[in-house]
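Visitor: What follows is the file protein_32.pdb, containing PDB, C-alpha atoms and all ligand atoms:
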```
ATOM      1  CA  MET U   1     -11.828 -17.982  -2.657
ATOM      2  CA  PRO U   2     -11.362 -15.765  -5.775
ATOM      3  CA  PRO U   3      -8.176 -16.773  -7.659
ATOM      4  CA  ALA U   4      -6.140 -13.687  -6.753
ATOM      5  CA  THR U   5      -6.848 -13.739  -3.021
ATOM      6  CA  PRO U   6      -3.533 -13.792  -1.138
ATOM      7  CA  ARG U   7      -3.028 -16.764   1.189
ATOM      8  CA  HIS U   8      -1.234 -14.616   3.732
ATOM      9  CA  ILE U   9      -1.788 -10.890   4.241
ATOM     10  CA  ALA U  10       0.486  -9.028   6.647
ATOM     11  CA  ILE U  11      -0.330  -5.493   7.766
ATOM     12  CA  ILE U  12       1.810  -2.766   9.322
ATOM     13  CA  MET U  13      -0.974  -0.953  11.152
ATOM     14  CA  ASP U  14       0.328   2.607  11.307
ATOM     15  CA  GLY U  15      -1.157   6.054  11.849
ATOM     16  CA  ASN U  16      -3.145   5.695  15.073
ATOM     17  CA  GLY U  17      -1.358   8.660  16.646
ATOM     18  CA  ARG U  18      -1.847  10.896  13.603
ATOM     19  CA  TRP U  19      -5.536   9.941  13.427
ATOM     20  CA  ALA U  20      -6.033  11.092  17.027
ATOM     21  CA  GLU U  21      -3.903  14.224  16.699
ATOM     22  CA  ALA U  22      -5.893  15.307  13.618
ATOM     23  CA  ARG U  23      -8.989  15.274  15.836
ATOM     24  CA  GLY U  24      -7.374  17.059  18.747
ATOM     25  CA  LEU U  25      -7.475  13.834  20.772
ATOM     26  CA  ARG U  26      -4.776  12.080  22.777
ATOM     27  CA  ARG U  27      -2.753   9.422  20.924
ATOM     28  CA  ILE U  28      -4.266   6.616  22.985
ATOM     29  CA  ARG U  29      -7.689   7.378  21.511
ATOM     30  CA  GLY U  30      -6.180   6.533  18.138
ATOM     31  CA  HIS U  31      -5.084   3.148  19.438
ATOM     32  CA  GLU U  32      -8.613   2.488  20.712
ATOM     33  CA  ALA U  33     -10.064   3.417  17.331
ATOM     34  CA  GLY U  34      -7.457   1.183  15.655
ATOM     35  CA  ALA U  35      -8.775  -1.810  17.601
ATOM     36  CA  GLU U  36     -12.091  -1.423  15.737
ATOM     37  CA  SER U  37     -10.224  -1.755  12.427
ATOM     38  CA  VAL U  38      -8.554  -4.955  13.661
ATOM     39  CA  ARG U  39     -11.965  -6.504  14.308
ATOM     40  CA  ALA U  40     -13.358  -5.409  10.921
ATOM     41  CA  ILE U  41     -10.339  -6.577   8.910
ATOM     42  CA  ALA U  42     -10.032  -9.905  10.732
ATOM     43  CA  GLU U  43     -13.695 -10.708  10.046
ATOM     44  CA  GLU U  44     -13.325  -9.692   6.406
ATOM     45  CA  CYS U  45     -10.296 -11.965   5.979
ATOM     46  CA  ALA U  46     -12.250 -14.898   7.427
ATOM     47  CA  ARG U  47     -15.063 -14.119   5.011
ATOM     48  CA  LEU U  48     -12.669 -13.955   2.035
ATOM     49  CA  GLY U  49     -10.967 -17.226   2.972
ATOM     50  CA  VAL U  50      -7.530 -15.718   3.645
ATOM     51  CA  GLU U  51      -5.411 -18.366   5.347
ATOM     52  CA  GLN U  52      -3.380 -16.060   7.575
ATOM     53  CA  LEU U  53      -3.604 -12.428   8.631
ATOM     54  CA  THR U  54      -0.554 -11.169  10.498
ATOM     55  CA  LEU U  55      -0.908  -7.793  12.176
ATOM     56  CA  TYR U  56       2.061  -5.781  13.389
ATOM     57  CA  ALA U  57       0.615  -4.531  16.644
ATOM     58  CA  PHE U  58       3.687  -3.696  18.741
ATOM     59  CA  SER U  59       7.329  -3.733  17.725
ATOM     60  CA  GLU U  60      10.379  -4.439  19.882
ATOM     61  CA  GLU U  61      11.301  -0.804  19.203
ATOM     62  CA  ASN U  62       7.894   0.446  20.397
ATOM     63  CA  TRP U  63       9.112  -0.194  23.974
ATOM     64  CA  ARG U  64      11.028   3.095  23.450
ATOM     65  CA  ARG U  65       7.772   5.057  23.606
ATOM     66  CA  PRO U  66       6.729   6.890  26.801
ATOM     67  CA  ARG U  67       5.769   4.488  29.572
ATOM     68  CA  LEU U  68       2.224   5.848  29.727
ATOM     69  CA  GLU U  69       1.652   4.943  26.083
ATOM     70  CA  THR U  70       3.164   1.436  26.304
ATOM     71  CA  GLU U  71       1.196   0.739  29.491
ATOM     72  CA  PHE U  72      -2.002   1.868  27.828
ATOM     73  CA  LEU U  73      -1.260  -0.284  24.785
ATOM     74  CA  MET U  74      -0.696  -3.344  26.991
ATOM     75  CA  GLN U  75      -3.977  -2.746  28.833
ATOM     76  CA  LEU U  76      -5.800  -2.252  25.547
ATOM     77  CA  LEU U  77      -4.277  -5.445  24.179
ATOM     78  CA  LYS U  78      -5.372  -7.436  27.206
ATOM     79  CA  ARG U  79      -8.928  -6.080  27.014
ATOM     80  CA  PHE U  80      -9.061  -6.581  23.256
ATOM     81  CA  ILE U  81      -7.940 -10.204  23.287
ATOM     82  CA  ALA U  82     -10.429 -11.079  26.028
ATOM     83  CA  ALA U  83     -13.281  -9.247  24.282
ATOM     84  CA  GLU U  84     -12.535 -10.609  20.805
ATOM     85  CA  ARG U  85     -12.298 -14.276  21.826
ATOM     86  CA  GLU U  86     -15.995 -14.509  21.113
ATOM     87  CA  THR U  87     -15.589 -12.980  17.608
ATOM     88  CA  LEU U  88     -12.771 -15.420  16.821
ATOM     89  CA  LEU U  89     -14.773 -18.420  17.980
ATOM     90  CA  ARG U  90     -17.914 -17.276  16.127
ATOM     91  CA  ASN U  91     -15.924 -16.923  12.907
ATOM     92  CA  GLN U  92     -14.064 -20.220  13.534
ATOM     93  CA  MET U  93     -10.761 -18.360  13.389
ATOM     94  CA  ARG U  94      -7.472 -19.448  14.863
ATOM     95  CA  PHE U  95      -5.326 -17.117  16.940
ATOM     96  CA  SER U  96      -1.569 -16.951  17.386
ATOM     97  CA  ALA U  97       1.161 -14.514  18.359
ATOM     98  CA  ILE U  98       4.800 -14.008  17.398
ATOM     99  CA  GLY U  99       7.534 -11.941  19.019
ATOM    100  CA  ARG U 100       9.448 -11.798  22.267
ATOM    101  CA  LEU U 101       6.278 -12.600  24.168
ATOM    102  CA  ASP U 102       8.204 -13.014  27.435
ATOM    103  CA  ARG U 103       8.560  -9.212  27.498
ATOM    104  CA  LEU U 104       4.772  -8.748  27.675
ATOM    105  CA  PRO U 105       3.048  -8.279  31.060
ATOM    106  CA  SER U 106       1.843 -11.574  32.546
ATOM    107  CA  GLY U 107      -1.830 -10.526  32.283
ATOM    108  CA  VAL U 108      -1.459 -10.113  28.517
ATOM    109  CA  ARG U 109       0.382 -13.445  28.195
ATOM    110  CA  LYS U 110      -2.427 -15.228  30.064
ATOM    111  CA  GLU U 111      -5.091 -13.845  27.719
ATOM    112  CA  LEU U 112      -2.948 -14.758  24.711
ATOM    113  CA  GLN U 113      -2.419 -18.327  25.882
ATOM    114  CA  LYS U 114      -6.080 -18.829  26.690
ATOM    115  CA  THR U 115      -7.180 -17.590  23.237
ATOM    116  CA  ILE U 116      -4.510 -19.622  21.433
ATOM    117  CA  ARG U 117      -5.654 -22.752  23.302
ATOM    118  CA  LEU U 118      -9.388 -22.220  22.722
ATOM    119  CA  THR U 119      -9.037 -21.538  18.985
ATOM    120  CA  ALA U 120      -6.298 -24.079  18.227
ATOM    121  CA  ASN U 121      -8.483 -26.418  16.170
ATOM    122  CA  ASN U 122     -10.410 -23.789  14.218
ATOM    123  CA  PRO U 123     -10.303 -24.139  10.425
ATOM    124  CA  LYS U 124     -10.573 -20.485   9.309
ATOM    125  CA  THR U 125      -8.092 -17.575   9.066
ATOM    126  CA  ASN U 126      -5.202 -17.631  11.511
ATOM    127  CA  LEU U 127      -5.092 -14.174  13.081
ATOM    128  CA  CYS U 128      -1.494 -13.739  14.170
ATOM    129  CA  LEU U 129      -0.482 -10.721  16.253
ATOM    130  CA  ALA U 130       3.140  -9.593  16.086
ATOM    131  CA  LEU U 131       3.813  -8.373  19.624
ATOM    132  CA  SER U 132       7.094  -7.119  20.978
ATOM    133  CA  TYR U 133       8.171  -8.313  17.561
ATOM    134  CA  GLY U 134      11.334  -7.468  15.644
ATOM    135  CA  GLY U 135      12.451  -9.119  12.425
ATOM    136  CA  ARG U 136      16.123  -8.973  13.363
ATOM    137  CA  ALA U 137      15.360 -10.324  16.838
ATOM    138  CA  GLU U 138      13.478 -13.228  15.246
ATOM    139  CA  ILE U 139      16.418 -14.100  12.977
ATOM    140  CA  ALA U 140      18.887 -13.708  15.873
ATOM    141  CA  ASP U 141      16.726 -15.958  18.081
ATOM    142  CA  ALA U 142      16.645 -18.564  15.290
ATOM    143  CA  ALA U 143      20.431 -18.332  14.834
ATOM    144  CA  ARG U 144      20.978 -18.851  18.557
ATOM    145  CA  ARG U 145      18.814 -21.965  18.641
ATOM    146  CA  ILE U 146      20.532 -23.395  15.573
ATOM    147  CA  ALA U 147      23.934 -22.672  17.167
ATOM    148  CA  GLU U 148      22.818 -24.549  20.299
ATOM    149  CA  ARG U 149      21.867 -27.576  18.202
ATOM    150  CA  VAL U 150      25.186 -27.475  16.365
ATOM    151  CA  ALA U 151      27.091 -27.135  19.655
ATOM    152  CA  SER U 152      25.292 -30.177  21.082
ATOM    153  CA  GLY U 153      26.241 -32.225  18.010
ATOM    154  CA  GLU U 154      22.618 -32.663  16.943
ATOM    155  CA  LEU U 155      23.244 -30.766  13.691
ATOM    156  CA  LYS U 156      26.346 -30.361  11.514
ATOM    157  CA  PRO U 157      27.245 -26.834  10.257
ATOM    158  CA  GLU U 158      27.005 -28.016   6.643
ATOM    159  CA  GLN U 159      23.419 -29.137   7.295
ATOM    160  CA  VAL U 160      22.331 -25.547   8.013
ATOM    161  CA  THR U 161      20.307 -24.333   5.023
ATOM    162  CA  GLU U 162      17.606 -21.738   4.360
ATOM    163  CA  ALA U 163      15.090 -24.394   5.368
ATOM    164  CA  THR U 164      16.852 -24.782   8.747
ATOM    165  CA  VAL U 165      16.584 -21.048   9.410
ATOM    166  CA  ALA U 166      12.918 -21.025   8.329
ATOM    167  CA  ALA U 167      12.224 -23.972  10.640
ATOM    168  CA  HIS U 168      13.543 -22.022  13.654
ATOM    169  CA  LEU U 169      11.470 -18.868  13.169
ATOM    170  CA  TYR U 170       8.715 -18.062  15.680
ATOM    171  CA  GLN U 171       5.964 -19.688  13.603
ATOM    172  CA  PRO U 172       7.683 -22.042  11.152
ATOM    173  CA  GLU U 173       4.465 -23.355   9.652
ATOM    174  CA  MET U 174       3.244 -19.945   8.426
ATOM    175  CA  PRO U 175       2.970 -19.495   4.666
ATOM    176  CA  GLU U 176       5.160 -16.553   3.592
ATOM    177  CA  PRO U 177       3.186 -13.305   3.235
ATOM    178  CA  ASP U 178       1.987 -12.701  -0.322
ATOM    179  CA  LEU U 179       0.848  -9.159   0.359
ATOM    180  CA  VAL U 180       2.208  -6.641   2.881
ATOM    181  CA  ILE U 181       0.025  -3.597   3.460
ATOM    182  CA  ARG U 182       1.239  -0.495   5.280
ATOM    183  CA  THR U 183      -1.228   2.202   6.266
ATOM    184  CA  ALA U 184      -0.435   5.894   6.885
ATOM    185  CA  GLY U 185       1.899   6.330   3.958
ATOM    186  CA  GLU U 186       5.359   5.458   5.253
ATOM    187  CA  MET U 187       7.448   3.462   2.759
ATOM    188  CA  ARG U 188       9.399   1.306   5.158
ATOM    189  CA  LEU U 189       9.311  -2.107   6.803
ATOM    190  CA  SER U 190      10.125  -0.983  10.361
ATOM    191  CA  ASN U 191      11.701  -4.374  11.103
ATOM    192  CA  PHE U 192       8.625  -6.444  10.170
ATOM    193  CA  LEU U 193       8.990 -10.090   9.057
ATOM    194  CA  LEU U 194      12.376  -9.470   7.433
ATOM    195  CA  TRP U 195      13.026 -13.098   6.542
ATOM    196  CA  GLN U 196       9.510 -13.911   5.347
ATOM    197  CA  VAL U 197       8.812 -10.944   3.032
ATOM    198  CA  SER U 198      11.573 -11.614   0.496
ATOM    199  CA  TYR U 199       9.055 -12.021  -2.353
ATOM    200  CA  ALA U 200       5.977 -10.365  -0.862
ATOM    201  CA  GLU U 201       4.128  -7.689  -2.821
ATOM    202  CA  PHE U 202       3.962  -4.280  -1.111
ATOM    203  CA  TYR U 203       0.987  -1.968  -0.938
ATOM    204  CA  VAL U 204       1.185   1.378   0.836
ATOM    205  CA  THR U 205      -1.888   3.508   1.400
ATOM    206  CA  ASP U 206      -2.226   6.975   2.936
ATOM    207  CA  THR U 207      -5.345   5.818   4.781
ATOM    208  CA  LEU U 208      -4.663   5.846   8.525
ATOM    209  CA  TRP U 209      -5.171   2.553  10.335
ATOM    210  CA  PRO U 210      -8.282   3.632  12.328
ATOM    211  CA  ASP U 211      -9.971   4.522   9.003
ATOM    212  CA  PHE U 212      -8.989   1.261   7.276
ATOM    213  CA  ARG U 213     -12.008  -0.954   6.566
ATOM    214  CA  ALA U 214     -13.113  -3.819   4.298
ATOM    215  CA  GLU U 215     -13.295  -1.583   1.194
ATOM    216  CA  HIS U 216      -9.664  -0.505   1.669
ATOM    217  CA  LEU U 217      -8.619  -4.133   2.077
ATOM    218  CA  LYS U 218     -10.482  -5.047  -1.097
ATOM    219  CA  ALA U 219      -8.689  -2.249  -2.999
ATOM    220  CA  ALA U 220      -5.337  -3.647  -1.813
ATOM    221  CA  ILE U 221      -6.294  -7.192  -2.852
ATOM    222  CA  GLU U 222      -7.436  -5.948  -6.255
ATOM    223  CA  ASP U 223      -4.120  -4.185  -6.750
ATOM    224  CA  PHE U 224      -2.335  -7.389  -5.700
ATOM    225  CA  GLY U 225      -4.336  -9.271  -8.324
ATOM    226  CA  ARG U 226      -2.780  -7.095 -11.040
ATOM    227  CA  ARG U 227       0.811  -7.750  -9.980
ATOM    228  CA  GLU U 228       3.057 -10.055 -11.942
ATOM    229  CA  ARG U 229       5.010 -12.207  -9.521
ATOM    230  CA  ARG U 230       8.173 -13.565 -11.077
ATOM    231  CA  PHE U 231      10.211 -14.819  -8.098
ATOM    232  CA  GLY U 232      13.368 -14.064 -10.059
ATOM    233  CA  GLY U 233      12.309 -16.133 -13.060
ATOM    234  CA  LEU U 234      10.640 -15.109 -16.294
ATOM    235  CA  VAL U 235       6.962 -15.057 -17.121
ATOM    236  CA  THR U 236       6.279 -16.857 -20.387
ATOM    237  CA  ARG U 237       3.913 -14.964 -22.614
ATOM    238  CA  PRO U 238       2.342 -16.195 -25.844
ATOM    239  CA  ALA U 239       4.452 -15.137 -28.839
ATOM    240  CA  VAL U 240       3.082 -12.085 -30.688
ATOM    241  CA  GLY U 241       2.643 -11.866 -34.488
TER     242      GLY U 241
HETATM  243  C1  LIG U 301       0.603   2.422  15.047
HETATM  244  O1  LIG U 301       0.264   3.765  15.166
HETATM  245  C2  LIG U 301       0.432   1.688  16.350
HETATM  246  C3  LIG U 301       1.688   1.273  16.979
HETATM  247  C4  LIG U 301       2.877   1.412  16.455
HETATM  248  C5  LIG U 301       1.590   0.668  18.287
HETATM  249  P1  LIG U 301       1.308   4.840  15.672
HETATM  250  O2  LIG U 301       1.158   4.980  17.155
HETATM  251  O3  LIG U 301       2.678   4.533  15.218
HETATM  252  O4  LIG U 301       0.750   6.132  14.953
HETATM  253  P2  LIG U 301       1.586   7.324  14.308
HETATM  254  O5  LIG U 301       2.591   6.727  13.362
HETATM  255  O6  LIG U 301       2.247   8.041  15.442
HETATM  256  O7  LIG U 301       0.564   8.154  13.609
HETATM  257  C1  LIG U 302       5.586   0.112  12.986
HETATM  258  O1  LIG U 302       5.088   1.377  13.221
HETATM  259  C2  LIG U 302       5.246  -0.795  14.123
HETATM  260  C3  LIG U 302       3.845  -1.154  14.224
HETATM  261  C4  LIG U 302       2.915  -0.843  13.363
HETATM  262  C5  LIG U 302       3.497  -1.947  15.375
HETATM  263  P1  LIG U 302       5.962   2.509  13.904
HETATM  264  O2  LIG U 302       5.149   3.732  13.958
HETATM  265  O3  LIG U 302       6.529   2.019  15.181
HETATM  266  O4  LIG U 302       7.165   2.645  12.854
HETATM  267  P2  LIG U 302       8.181   3.810  12.565
HETATM  268  O5  LIG U 302       8.738   4.250  13.905
HETATM  269  O6  LIG U 302       7.419   4.910  11.904
HETATM  270  O7  LIG U 302       9.201   3.212  11.667
HETATM  271 MG    MG U 303       3.772   5.074  13.553
END
```
Just give me the structure as structure tokens.
Ligand code: IPE
Ligand code: IPE
Ligand code: MG

Guide:
Amino acid sequence: MPPATPRHIAIIMDGNGRWAEARGLRRIRGHEAGAESVRAIAEECARLGVEQLTLYAFSEENWRRPRLETEFLMQLLKRFIAAERETLLRNQMRFSAIGRLDRLPSGVRKELQKTIRLTANNPKTNLCLALSYGGRAEIADAARRIAERVASGELKPEQVTEATVAAHLYQPEMPEPDLVIRTAGEMRLSNFLLWQVSYAEFYVTDTLWPDFRAEHLKAAIEDFGRRERRFGGLVTRPAVG
């Protein structure tokens, strides 16, 4: 792995609708085309030795979209997970999902569980899909579970630290994202991984998600390699003169 390769890349995959509209197609065609980018980027991350790739595929707020679109997205998701199991296994990748997964249709949950189980011991990139995911919901869910443990006497209030909160997130073992990429130009987080991105580097590109391929990912990683990460401290430089 080249020295500047991020351990964890998280992507807000945006612009499927605009990609389709620009071609006079229905929005759902953009989602189908976006699935091709998921495959390409996941394989590239495995090749580069990235430890985790988290993809924002469907937000809690996306349930507000017209029913036809959410139903299509759920069907596409189910088909995609079943079809890509083979790609994940071939590339020795792990698969996981975060979010309020109980809100997903049972057919989707079954495919998710099967893929998670079959890839559990794989050593390469963990492809994590954020589904029915909201950053605030994740923190609220963690707070509720901590409150339950305090109420049962298992934990004292003064024992609740940042580490306690982190340990109650959906996937506590995930390394924090080093690089967050957003496609399609919008400069916002849209409720993605609010707790985990506190010191992530951001990269926004105008490229729409269905057009995003390995070369775009490499450009983002190169840009990341030029960043100076200080984490609130100071970078010591050799004295001049
Ligand atoms: C991202 O593309 C996919 C999801 C949010 C599910 P959009 O559907 O948001 O595409 P735009 O932003 O309308 O172009
Ligand atoms: C963010 O995109 C969610 C996903 C990529 C799944 P949206 O298109 O939903 O975000 P907003 O509405 O532009 O903030
Ligand atoms: Mg969008």

Visitor: What is the distance between atom CA of Arg229 of chain U and atom CA of Met93 of chain U, in Å to one decimal?

Guide: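 Pair atom CA of Arg229 of chain U / atom CA of Met93 of chain U returns 28.5 Å.
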
Visitor: Measure the distance from atom CA of Asp223 of chain U to atom CA of Gly99 of chain U in Å and round it to one decimal.

Guide: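 Value for the atom CA of Asp223 of chain U-atom CA of Gly99 of chain U distance: 29.3 Å.
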
Visitor: Near Ala163 of chain U, within 12 Å and counting all atoms listed in the file, which residues show up once chain neighbours fewer than 2 positions away are dropped, as a PyMOL selection string?

Guide: chain U and resi 142+146+159-161+165-169+172-173+195-196

Visitor: Report, in Å with one decimal, the straight-line distance from atom C1 of ligand LIG 301 (chain U) to atom CA of Met13 of chain U.

Guide: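 Here the two named atoms are 5.4 Å from each other.
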
Visitor: Quick one: everything within 8 Å of Thr183 of chain U, counting only C-alpha atoms, minus sequence neighbours fewer than 2 positions away in the same chain. Send it as a list in words.

Guide: Ile11, Ile12, Met13, Asp14, Gly15, Ile181, Gly185, Glu186, Val204, Thr205, Asp206, Thr207, Leu208, Trp209 and Phe212 of chain U

Visitor: Export, as a short mmCIF file (atom, residue, chain, number, x, y, z; two decimals), in the coordinates of the input, the selected residues with C-alpha atoms.

Guide:
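Once everything was written out, this is out29.cif:
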```cif
data_model
loop_
_atom_site.label_atom_id
_atom_site.label_comp_id
_atom_site.auth_asym_id
_atom_site.auth_seq_id
_atom_site.Cartn_x
_atom_site.Cartn_y
_atom_site.Cartn_z
CA ILE U 11 -0.33 -5.49 7.77
CA ILE U 12 1.81 -2.77 9.32
CA MET U 13 -0.97 -0.95 11.15
CA ASP U 14 0.33 2.61 11.31
CA GLY U 15 -1.16 6.05 11.85
CA ILE U 181 0.02 -3.60 3.46
CA GLY U 185 1.90 6.33 3.96
CA GLU U 186 5.36 5.46 5.25
CA VAL U 204 1.18 1.38 0.84
CA THR U 205 -1.89 3.51 1.40
CA ASP U 206 -2.23 6.98 2.94
CA THR U 207 -5.34 5.82 4.78
CA LEU U 208 -4.66 5.85 8.52
CA TRP U 209 -5.17 2.55 10.34
CA PHE U 212 -8.99 1.26 7.28
#
```

Visitor: Output the neighbourhood of ligand LIG 302 (chain U) as a list of chain:residue names, that is, all protein and nucleic acid residues with some atom at most 9 Å from the ligand, counting only C-alpha atoms and all ligand atoms.

Guide: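 After applying the 9 Å limit, what remains is U:Ile11, U:Ile12, U:Met13, U:Asp14, U:Gly15, U:Asn16, U:Gly17, U:Leu55, U:Tyr56, U:Ala57, U:Phe58, U:Ser59, U:Glu60, U:Glu61, U:Asn62, U:Ala130, U:Leu131, U:Ser132, U:Tyr133, U:Arg182, U:Thr183, U:Glu186, U:Arg188, U:Leu189, U:Ser190, U:Asn191, U:Phe192.
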
Visitor: Quick one: of U:Arg136, U:Asn126, U:Glu71, U:His31, who's nearest to ligand MG 303 (chain U), counting all atoms listed in the file?

Guide: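 Closest to ligand MG 303 (chain U), using all atoms listed in the file: U:His31.
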
Visitor: Taking all atoms listed in the file into account, which of U:Ala4, U:Met174, U:Leu73, U:Ala10 comes nearest ligand LIG 301 (chain U)?

Guide: U:Leu73

Visitor: Env of segment 35-44 of chain U: 10 Å cut, atoms = only C-alpha atoms, seq-sep filter 2 positions within chain, self excluded. Answer as a VMD selection string.

Guide: chain U and resid 13 16 30 to 33 46 to 50 52 to 55 57 76 to 77 80 84 87 to 88 90 to 91 93 125 to 128 209 to 218

Visitor: Pull C-alpha atoms from the residues just selected and write them as a CSV table (one decimal), in the frame of the given file.

Guide:
```csv
chain,number,residue,atom,x,y,z
U,13,MET,CA,-1.0,-1.0,11.2
U,16,ASN,CA,-3.1,5.7,15.1
U,30,GLY,CA,-6.2,6.5,18.1
U,31,HIS,CA,-5.1,3.1,19.4
U,32,GLU,CA,-8.6,2.5,20.7
U,33,ALA,CA,-10.1,3.4,17.3
U,46,ALA,CA,-12.2,-14.9,7.4
U,47,ARG,CA,-15.1,-14.1,5.0
U,48,LEU,CA,-12.7,-14.0,2.0
U,49,GLY,CA,-11.0,-17.2,3.0
U,50,VAL,CA,-7.5,-15.7,3.6
U,52,GLN,CA,-3.4,-16.1,7.6
U,53,LEU,CA,-3.6,-12.4,8.6
U,54,THR,CA,-0.6,-11.2,10.5
U,55,LEU,CA,-0.9,-7.8,12.2
U,57,ALA,CA,0.6,-4.5,16.6
U,76,LEU,CA,-5.8,-2.3,25.5
U,77,LEU,CA,-4.3,-5.4,24.2
U,80,PHE,CA,-9.1,-6.6,23.3
U,84,GLU,CA,-12.5,-10.6,20.8
U,87,THR,CA,-15.6,-13.0,17.6
U,88,LEU,CA,-12.8,-15.4,16.8
U,90,ARG,CA,-17.9,-17.3,16.1
U,91,ASN,CA,-15.9,-16.9,12.9
U,93,MET,CA,-10.8,-18.4,13.4
U,125,THR,CA,-8.1,-17.6,9.1
U,126,ASN,CA,-5.2,-17.6,11.5
U,127,LEU,CA,-5.1,-14.2,13.1
U,128,CYS,CA,-1.5,-13.7,14.2
U,209,TRP,CA,-5.2,2.6,10.3
U,210,PRO,CA,-8.3,3.6,12.3
U,211,ASP,CA,-10.0,4.5,9.0
U,212,PHE,CA,-9.0,1.3,7.3
U,213,ARG,CA,-12.0,-1.0,6.6
U,214,ALA,CA,-13.1,-3.8,4.3
U,215,GLU,CA,-13.3,-1.6,1.2
U,216,HIS,CA,-9.7,-0.5,1.7
U,217,LEU,CA,-8.6,-4.1,2.1
U,218,LYS,CA,-10.5,-5.0,-1.1
```

Visitor: Edge lengths and centre in Å to one decimal, as lines of an AutoDock Vina configuration file, of the axis-aligned box that encloses all listed atoms of ligand LIG 301 (chain U) with 3 Å added on every side?

Guide:
```
center_x = 1.6
center_y = 4.4
center_z = 15.8
size_x = 8.6
size_y = 13.5
size_z = 10.9
```

Visitor: From the set U:Arg227, U:Arg18, U:Arg79, U:Arg85, which residue has the shortest atom-to-atom contact distance to ligand MG 303 (chain U), counting all atoms listed in the file?

Guide: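 Under the stated criterion, the closest residue is U:Arg18.
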
Visitor: When you count all atoms listed in the file, which of these residues is closest to Asn121 of chain U: U:Arg94, U:Arg109, U:Arg103, U:Arg7?

Guide: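 For Asn121 of chain U, the nearest of the given residues is U:Arg94.
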
Visitor: Just add N, CA and C atoms to segment 85-97 of chain U and send it as a PDB file, keeping the file's coordinate frame.

Guide:
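Output saved as out20.pdb:
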```
ATOM      1  N   ARG U  85     -12.302 -12.800  21.846  1.00  0.00           N
ATOM      2  CA  ARG U  85     -12.298 -14.276  21.826  1.00  0.00           C
ATOM      3  C   ARG U  85     -13.584 -14.797  21.202  1.00  0.00           C
ATOM      4  N   GLU U  86     -14.668 -14.148  21.599  1.00  0.00           N
ATOM      5  CA  GLU U  86     -15.995 -14.509  21.113  1.00  0.00           C
ATOM      6  C   GLU U  86     -16.095 -14.356  19.572  1.00  0.00           C
ATOM      7  N   THR U  87     -15.569 -13.225  19.067  1.00  0.00           N
ATOM      8  CA  THR U  87     -15.589 -12.980  17.608  1.00  0.00           C
ATOM      9  C   THR U  87     -14.786 -14.057  16.885  1.00  0.00           C
ATOM     10  N   LEU U  88     -13.635 -14.411  17.453  1.00  0.00           N
ATOM     11  CA  LEU U  88     -12.771 -15.420  16.821  1.00  0.00           C
ATOM     12  C   LEU U  88     -13.477 -16.772  16.785  1.00  0.00           C
ATOM     13  N   LEU U  89     -14.104 -17.118  17.908  1.00  0.00           N
ATOM     14  CA  LEU U  89     -14.773 -18.420  17.980  1.00  0.00           C
ATOM     15  C   LEU U  89     -15.973 -18.456  17.031  1.00  0.00           C
ATOM     16  N   ARG U  90     -16.735 -17.346  16.998  1.00  0.00           N
ATOM     17  CA  ARG U  90     -17.914 -17.276  16.127  1.00  0.00           C
ATOM     18  C   ARG U  90     -17.518 -17.423  14.659  1.00  0.00           C
ATOM     19  N   ASN U  91     -16.379 -16.848  14.299  1.00  0.00           N
ATOM     20  CA  ASN U  91     -15.924 -16.923  12.907  1.00  0.00           C
ATOM     21  C   ASN U  91     -15.025 -18.124  12.647  1.00  0.00           C
ATOM     22  N   GLN U  92     -14.905 -19.008  13.629  1.00  0.00           N
ATOM     23  CA  GLN U  92     -14.064 -20.220  13.534  1.00  0.00           C
ATOM     24  C   GLN U  92     -12.611 -19.899  13.166  1.00  0.00           C
ATOM     25  N   MET U  93     -12.127 -18.776  13.701  1.00  0.00           N
ATOM     26  CA  MET U  93     -10.761 -18.360  13.389  1.00  0.00           C
ATOM     27  C   MET U  93      -9.778 -18.874  14.430  1.00  0.00           C
ATOM     28  N   ARG U  94      -8.546 -19.059  13.975  1.00  0.00           N
ATOM     29  CA  ARG U  94      -7.472 -19.448  14.863  1.00  0.00           C
ATOM     30  C   ARG U  94      -6.760 -18.182  15.331  1.00  0.00           C
ATOM     31  N   PHE U  95      -6.035 -18.277  16.426  1.00  0.00           N
ATOM     32  CA  PHE U  95      -5.326 -17.117  16.940  1.00  0.00           C
ATOM     33  C   PHE U  95      -3.913 -17.530  17.308  1.00  0.00           C
ATOM     34  N   SER U  96      -2.951 -16.674  16.978  1.00  0.00           N
ATOM     35  CA  SER U  96      -1.569 -16.951  17.386  1.00  0.00           C
ATOM     36  C   SER U  96      -0.831 -15.637  17.601  1.00  0.00           C
ATOM     37  N   ALA U  97       0.370 -15.726  18.107  1.00  0.00           N
ATOM     38  CA  ALA U  97       1.161 -14.514  18.359  1.00  0.00           C
ATOM     39  C   ALA U  97       2.627 -14.831  18.122  1.00  0.00           C
TER      40      ALA U  97
END
```
